[in-house]
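Visitor: Could you have a look at this structure, given as structure tokens, before my questions?
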Amino acid sequence: MGRLLLIFSFAVFATAVFADEHLRPLSEVNAFERRFQLAGPATIVQSSGFSGRSNGAPIMLDAPNQRVFLTRITGFERSDEPCHFELEFARIRDYARANRGAEFTRCHGSNANRMRGNPGSAKATRVRLPGMFVTGVQVCLNRARDKIKGVSLRHEFGGCVLGENSVSIPSNERTCTPNGNTCLSSRTGPLEPLSCTGPELAQLGEAYYERTNCRGGNGGPDDDWEAQANCPADHVAIGASFSTQPQGNGRLQANGIALNCRPIASVLGSGLQAR
């Protein structure tokens with residue numbers, strides 16, 4: 001009897017803890033620790049449309065499996081041509097880096113790596129904090145508008161993607177330089193709510209790279225950059241497509257990028273209440 005009572009008491013305690021965890025107001029949930037899942041059929045992928053040119057031969061790079069999302073784009077050049085791009089992904093269940101990426105390499109040269117770009121030309125832009133998802137892309141082209149010379153990724157916390165008004169993050173995570181590709185992630189300090197449409201999250205959610213022959217002055221996206229292309233509402237990027245044009249001898253250079261997008265859903269349950 002005593003053993004049964006002990007088991008019953010533990011079950012009641014566990015149920016209470018589970019219920020409390022799922023009934024916490026959103027203002028008390030660290031945005032770094034919230035979990036989401038990709039929703040809907042994996043075969044249905046929406047496009048953001050292209051930033052930059054869209055009239056070239058498309059090359060689609062998707063996630064290596066159905067449980068990861070896009071976190072980084074790295075561009076390489078050979079002889080001033082943007083002919084090699086690599087994508088990195090993270091597991092949606094815990095935001096850890098996925099083991100496999102995706103790439104296209106169509107560069108020209110005379111050595112054994114003639115189809116790859118120059119490693120010294122690598123420039124990258126990436127998601128800067130855990131719990132954030134890529135939702136938009138913007139490119140900078142050269143003056144002739146036929147070569148990608150800069151890439152900006154717009155990313156948002158999952159709650160903002162789903163239309164929530166604000167998210168809460170530790171107070172010491174609110175400072176990132178606009179062109180920084182990463183932020184410190186100690187995940188400590190008191191939680192502070194930030195508006196999903198406010199300037200602080202707008203700064204946290206932008207990372208870019210640009211080359212010297214990107215149109216306009218250095219300093220990130222401005223009026224000289226191409227229009228930003230965004231995933232549909234409630235969607236995040238799980239891959240990217242590149243508009244390309246041939247340059248002879250099997251070479252291809254990229255002149256536009258579109259995101260391949262899927263919807264997400266919160267896994268915390270409907271019992272989580274917003275204040």
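Each chain of the structure tokens is named A, B, ... in the order shown, its residues numbered from 1; ligands are numbered from 1 in display order.
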I'd like to know which residues of range 35-243 of chain A are strand (DSSP E or B) (by DSSP, run on the backbone); could you write them as a VMD selection string?
Guide: chain A and resid 36 to 38 46 to 52 57 to 62 68 to 78 81 to 91 97 102 to 105 123 to 126 132 to 141 148 to 157 166 to 170 191 to 195 206 to 210 229 to 230 235 to 243
Visitor: Tell me, counting only C-alpha atoms, for each residue of range 91-151 of chain A within 8 Å of range 211-230 of chain A, which pair of atoms is nearest and how far apart they are in Å to one decimal, in rows ordered by chain and increasing number, as a Markdown table.
Guide:
| residue | atom | partner | partner_atom | distance |
| --- | --- | --- | --- | --- |
| A:Thr135 | CA | A:Asn230 | CA | 5.7 |
| A:Gly136 | CA | A:Asn230 | CA | 4.2 |
| A:Val137 | CA | A:Ala229 | CA | 5.4 |
| A:Gln138 | CA | A:Gln228 | CA | 4.4 |
| A:Val139 | CA | A:Glu226 | CA | 5.7 |
| A:Cys140 | CA | A:Trp225 | CA | 4.6 |
| A:Leu141 | CA | A:Cys214 | CA | 5.8 |
| A:Asn142 | CA | A:Cys214 | CA | 5.2 |
| A:Arg143 | CA | A:Arg215 | CA | 6.0 |
| A:Ile148 | CA | A:Cys214 | CA | 7.9 |
| A:Lys149 | CA | A:Cys214 | CA | 5.0 |
| A:Gly150 | CA | A:Arg211 | CA | 6.0 |
Visitor: Taking into account only C-alpha atoms, which residue in the set A:Ser171, A:Gln253, A:Gln66, A:Asn165 is nearest to Gly189 in chain A?
Guide: A:Ser171
Visitor: When you count only C-alpha atoms, which of these residues is closest to Phe76 in chain A: A:Leu259, A:Val167, A:Met115, A:Met60?
Guide: A:Met115
Visitor: Excluding Pro58 in chain A and its own-chain neighbours fewer than 4 positions away, which residues fall within 9 Å of it when counting only C-alpha atoms? Please give them as a short mmCIF file (atom, residue, chain, number, x, y, z; two decimals) with N, CA, C and O atoms, in the first residue's frame.
Guide:
data_model
loop_
_atom_site.label_atom_id
_atom_site.label_comp_id
_atom_site.auth_asym_id
_atom_site.auth_seq_id
_atom_site.Cartn_x
_atom_site.Cartn_y
_atom_site.Cartn_z
N SER A 54 16.47 36.82 -61.60
CA SER A 54 15.72 35.57 -61.52
C SER A 54 15.59 34.89 -62.88
O SER A 54 14.88 33.90 -63.01
N SER A 241 17.82 28.57 -53.48
CA SER A 241 17.99 28.38 -54.92
C SER A 241 18.79 29.55 -55.47
O SER A 241 18.62 30.69 -55.03
N PHE A 242 19.64 29.26 -56.43
CA PHE A 242 20.51 30.27 -57.02
C PHE A 242 20.18 30.44 -58.49
O PHE A 242 20.09 29.45 -59.24
N SER A 243 19.99 31.69 -58.91
CA SER A 243 19.87 31.99 -60.34
C SER A 243 21.28 32.12 -60.89
O SER A 243 22.11 32.86 -60.35
N THR A 244 21.57 31.39 -61.96
CA THR A 244 22.93 31.37 -62.49
C THR A 244 22.93 31.65 -63.99
O THR A 244 21.92 31.47 -64.68
N GLN A 245 24.07 32.09 -64.48
CA GLN A 245 24.24 32.30 -65.91
C GLN A 245 25.59 31.76 -66.34
O GLN A 245 26.58 31.86 -65.60
#
Visitor: Find the residue from A:Gly198, A:Pro41, A:Gly120, A:Gly49 that sits nearest to Asn260 in chain A; use only C-alpha atoms when measuring.
Guide: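 The answer is A:Gly49, which sits nearest to Asn260 in chain A.
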Visitor: Considering only helix (DSSP H, G or I) as DSSP defines it on the backbone, what residues of range 35-211 of chain A qualify? List them as a ChimeraX atom specification.
Guide: /A:119-121,158-161,171-173,199-204
Visitor: With distances taken over only C-alpha atoms, which of A:Ile257, A:Glu156, A:Cys107, A:Ala237 is nearest to Glu200 in chain A?
Guide: A:Glu156
Visitor: For Arg97 in chain A, which residue out of A:Pro130, A:Pro82, A:Gly75, A:Gly163 is the nearest one, using only C-alpha atoms?
Guide: A:Pro130
Visitor: Which residues are near Ala124 in chain A? Cut-off 8 Å, only C-alpha atoms, ignore same chain within fewer than 5 positions. Put them as a list in words.
Guide: Arg72, Ile73, Thr74, Gly75, Asn181, Tyr208 and Tyr209 of chain A
Visitor: Using all heavy atoms, can you write the selected residues to a file as a PDB file, in the first residue's frame?
Guide:
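What follows is the written file part.pdb:
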ATOM      1  N   ARG A  72      23.383  29.137 -42.561  1.00  0.00           N
ATOM      2  CA  ARG A  72      24.569  29.849 -43.049  1.00  0.00           C
ATOM      3  C   ARG A  72      24.707  29.714 -44.565  1.00  0.00           C
ATOM      4  O   ARG A  72      24.428  28.664 -45.133  1.00  0.00           O
ATOM      5  CB  ARG A  72      25.825  29.273 -42.364  1.00  0.00           C
ATOM      6  CG  ARG A  72      27.158  29.899 -42.795  1.00  0.00           C
ATOM      7  CD  ARG A  72      28.291  29.183 -42.077  1.00  0.00           C
ATOM      8  NE  ARG A  72      29.597  29.689 -42.472  1.00  0.00           N
ATOM      9  CZ  ARG A  72      30.477  30.253 -41.638  1.00  0.00           C
ATOM     10  NH1 ARG A  72      30.174  30.393 -40.367  1.00  0.00           N
ATOM     11  NH2 ARG A  72      31.644  30.670 -42.077  1.00  0.00           N
ATOM     12  N   ILE A  73      25.125  30.802 -45.209  1.00  0.00           N
ATOM     13  CA  ILE A  73      25.505  30.794 -46.622  1.00  0.00           C
ATOM     14  C   ILE A  73      26.928  31.334 -46.728  1.00  0.00           C
ATOM     15  O   ILE A  73      27.226  32.426 -46.233  1.00  0.00           O
ATOM     16  CB  ILE A  73      24.564  31.644 -47.484  1.00  0.00           C
ATOM     17  CG1 ILE A  73      23.150  31.047 -47.494  1.00  0.00           C
ATOM     18  CG2 ILE A  73      25.100  31.760 -48.912  1.00  0.00           C
ATOM     19  CD1 ILE A  73      22.162  31.858 -48.314  1.00  0.00           C
ATOM     20  N   THR A  74      27.795  30.555 -47.346  1.00  0.00           N
ATOM     21  CA  THR A  74      29.177  30.976 -47.593  1.00  0.00           C
ATOM     22  C   THR A  74      29.390  31.075 -49.091  1.00  0.00           C
ATOM     23  O   THR A  74      29.060  30.146 -49.836  1.00  0.00           O
ATOM     24  CB  THR A  74      30.187  29.979 -47.000  1.00  0.00           C
ATOM     25  OG1 THR A  74      29.941  29.835 -45.602  1.00  0.00           O
ATOM     26  CG2 THR A  74      31.617  30.477 -47.197  1.00  0.00           C
ATOM     27  N   GLY A  75      29.931  32.204 -49.536  1.00  0.00           N
ATOM     28  CA  GLY A  75      30.202  32.412 -50.951  1.00  0.00           C
ATOM     29  C   GLY A  75      31.692  32.446 -51.243  1.00  0.00           C
ATOM     30  O   GLY A  75      32.469  32.983 -50.451  1.00  0.00           O
ATOM     31  N   ASN A 181      28.667  38.164 -37.393  1.00  0.00           N
ATOM     32  CA  ASN A 181      28.024  36.920 -37.784  1.00  0.00           C
ATOM     33  C   ASN A 181      27.647  36.053 -36.600  1.00  0.00           C
ATOM     34  O   ASN A 181      26.912  35.094 -36.735  1.00  0.00           O
ATOM     35  CB  ASN A 181      28.938  36.128 -38.730  1.00  0.00           C
ATOM     36  CG  ASN A 181      28.854  36.653 -40.145  1.00  0.00           C
ATOM     37  OD1 ASN A 181      27.798  37.063 -40.585  1.00  0.00           O
ATOM     38  ND2 ASN A 181      29.969  36.662 -40.848  1.00  0.00           N
ATOM     39  N   TYR A 208      25.334  39.911 -42.524  1.00  0.00           N
ATOM     40  CA  TYR A 208      25.607  40.028 -43.952  1.00  0.00           C
ATOM     41  C   TYR A 208      27.095  39.951 -44.227  1.00  0.00           C
ATOM     42  O   TYR A 208      27.931  40.086 -43.331  1.00  0.00           O
ATOM     43  CB  TYR A 208      25.073  41.360 -44.499  1.00  0.00           C
ATOM     44  CG  TYR A 208      25.756  42.577 -43.914  1.00  0.00           C
ATOM     45  CD1 TYR A 208      26.925  43.082 -44.484  1.00  0.00           C
ATOM     46  CD2 TYR A 208      25.245  43.215 -42.791  1.00  0.00           C
ATOM     47  CE1 TYR A 208      27.572  44.190 -43.953  1.00  0.00           C
ATOM     48  CE2 TYR A 208      25.869  44.324 -42.248  1.00  0.00           C
ATOM     49  CZ  TYR A 208      27.029  44.808 -42.829  1.00  0.00           C
ATOM     50  OH  TYR A 208      27.660  45.892 -42.280  1.00  0.00           O
ATOM     51  N   TYR A 209      27.426  39.715 -45.484  1.00  0.00           N
ATOM     52  CA  TYR A 209      28.775  39.954 -45.968  1.00  0.00           C
ATOM     53  C   TYR A 209      28.668  40.759 -47.251  1.00  0.00           C
ATOM     54  O   TYR A 209      27.651  40.714 -47.949  1.00  0.00           O
ATOM     55  CB  TYR A 209      29.557  38.654 -46.192  1.00  0.00           C
ATOM     56  CG  TYR A 209      29.215  37.863 -47.432  1.00  0.00           C
ATOM     57  CD1 TYR A 209      29.662  38.267 -48.700  1.00  0.00           C
ATOM     58  CD2 TYR A 209      28.473  36.687 -47.357  1.00  0.00           C
ATOM     59  CE1 TYR A 209      29.368  37.532 -49.840  1.00  0.00           C
ATOM     60  CE2 TYR A 209      28.187  35.941 -48.495  1.00  0.00           C
ATOM     61  CZ  TYR A 209      28.630  36.369 -49.731  1.00  0.00           C
ATOM     62  OH  TYR A 209      28.329  35.646 -50.865  1.00  0.00           O
TER      63      TYR A 209
END
Visitor: When you count only C-alpha atoms, which of these residues is closest to Ser266 in chain A: A:Leu204, A:Leu153, A:Val161, A:Ala102?
Guide: A:Val161
Visitor: For Arg35 in chain A, find every residue with an atom within 12 Å (counting only C-alpha atoms), except residues of its own chain fewer than 3 positions away, and show them as a PyMOL selection string.
Guide: chain A and resi 29-32+38+91-95+130-133+157-159+264-269
Visitor: Find the distance between CA of Arg116 in chain A and CA of Gly256 in chain A and write it in Å to one decimal.
Guide: 19.0 Å
Visitor: One number please: CA of Ile59 in chain A to CA of Ala42 in chain A, in Å, one decimal.
Guide: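 CA of Ala42 in chain A lies at a distance of 19.2 Å from CA of Ile59 in chain A.
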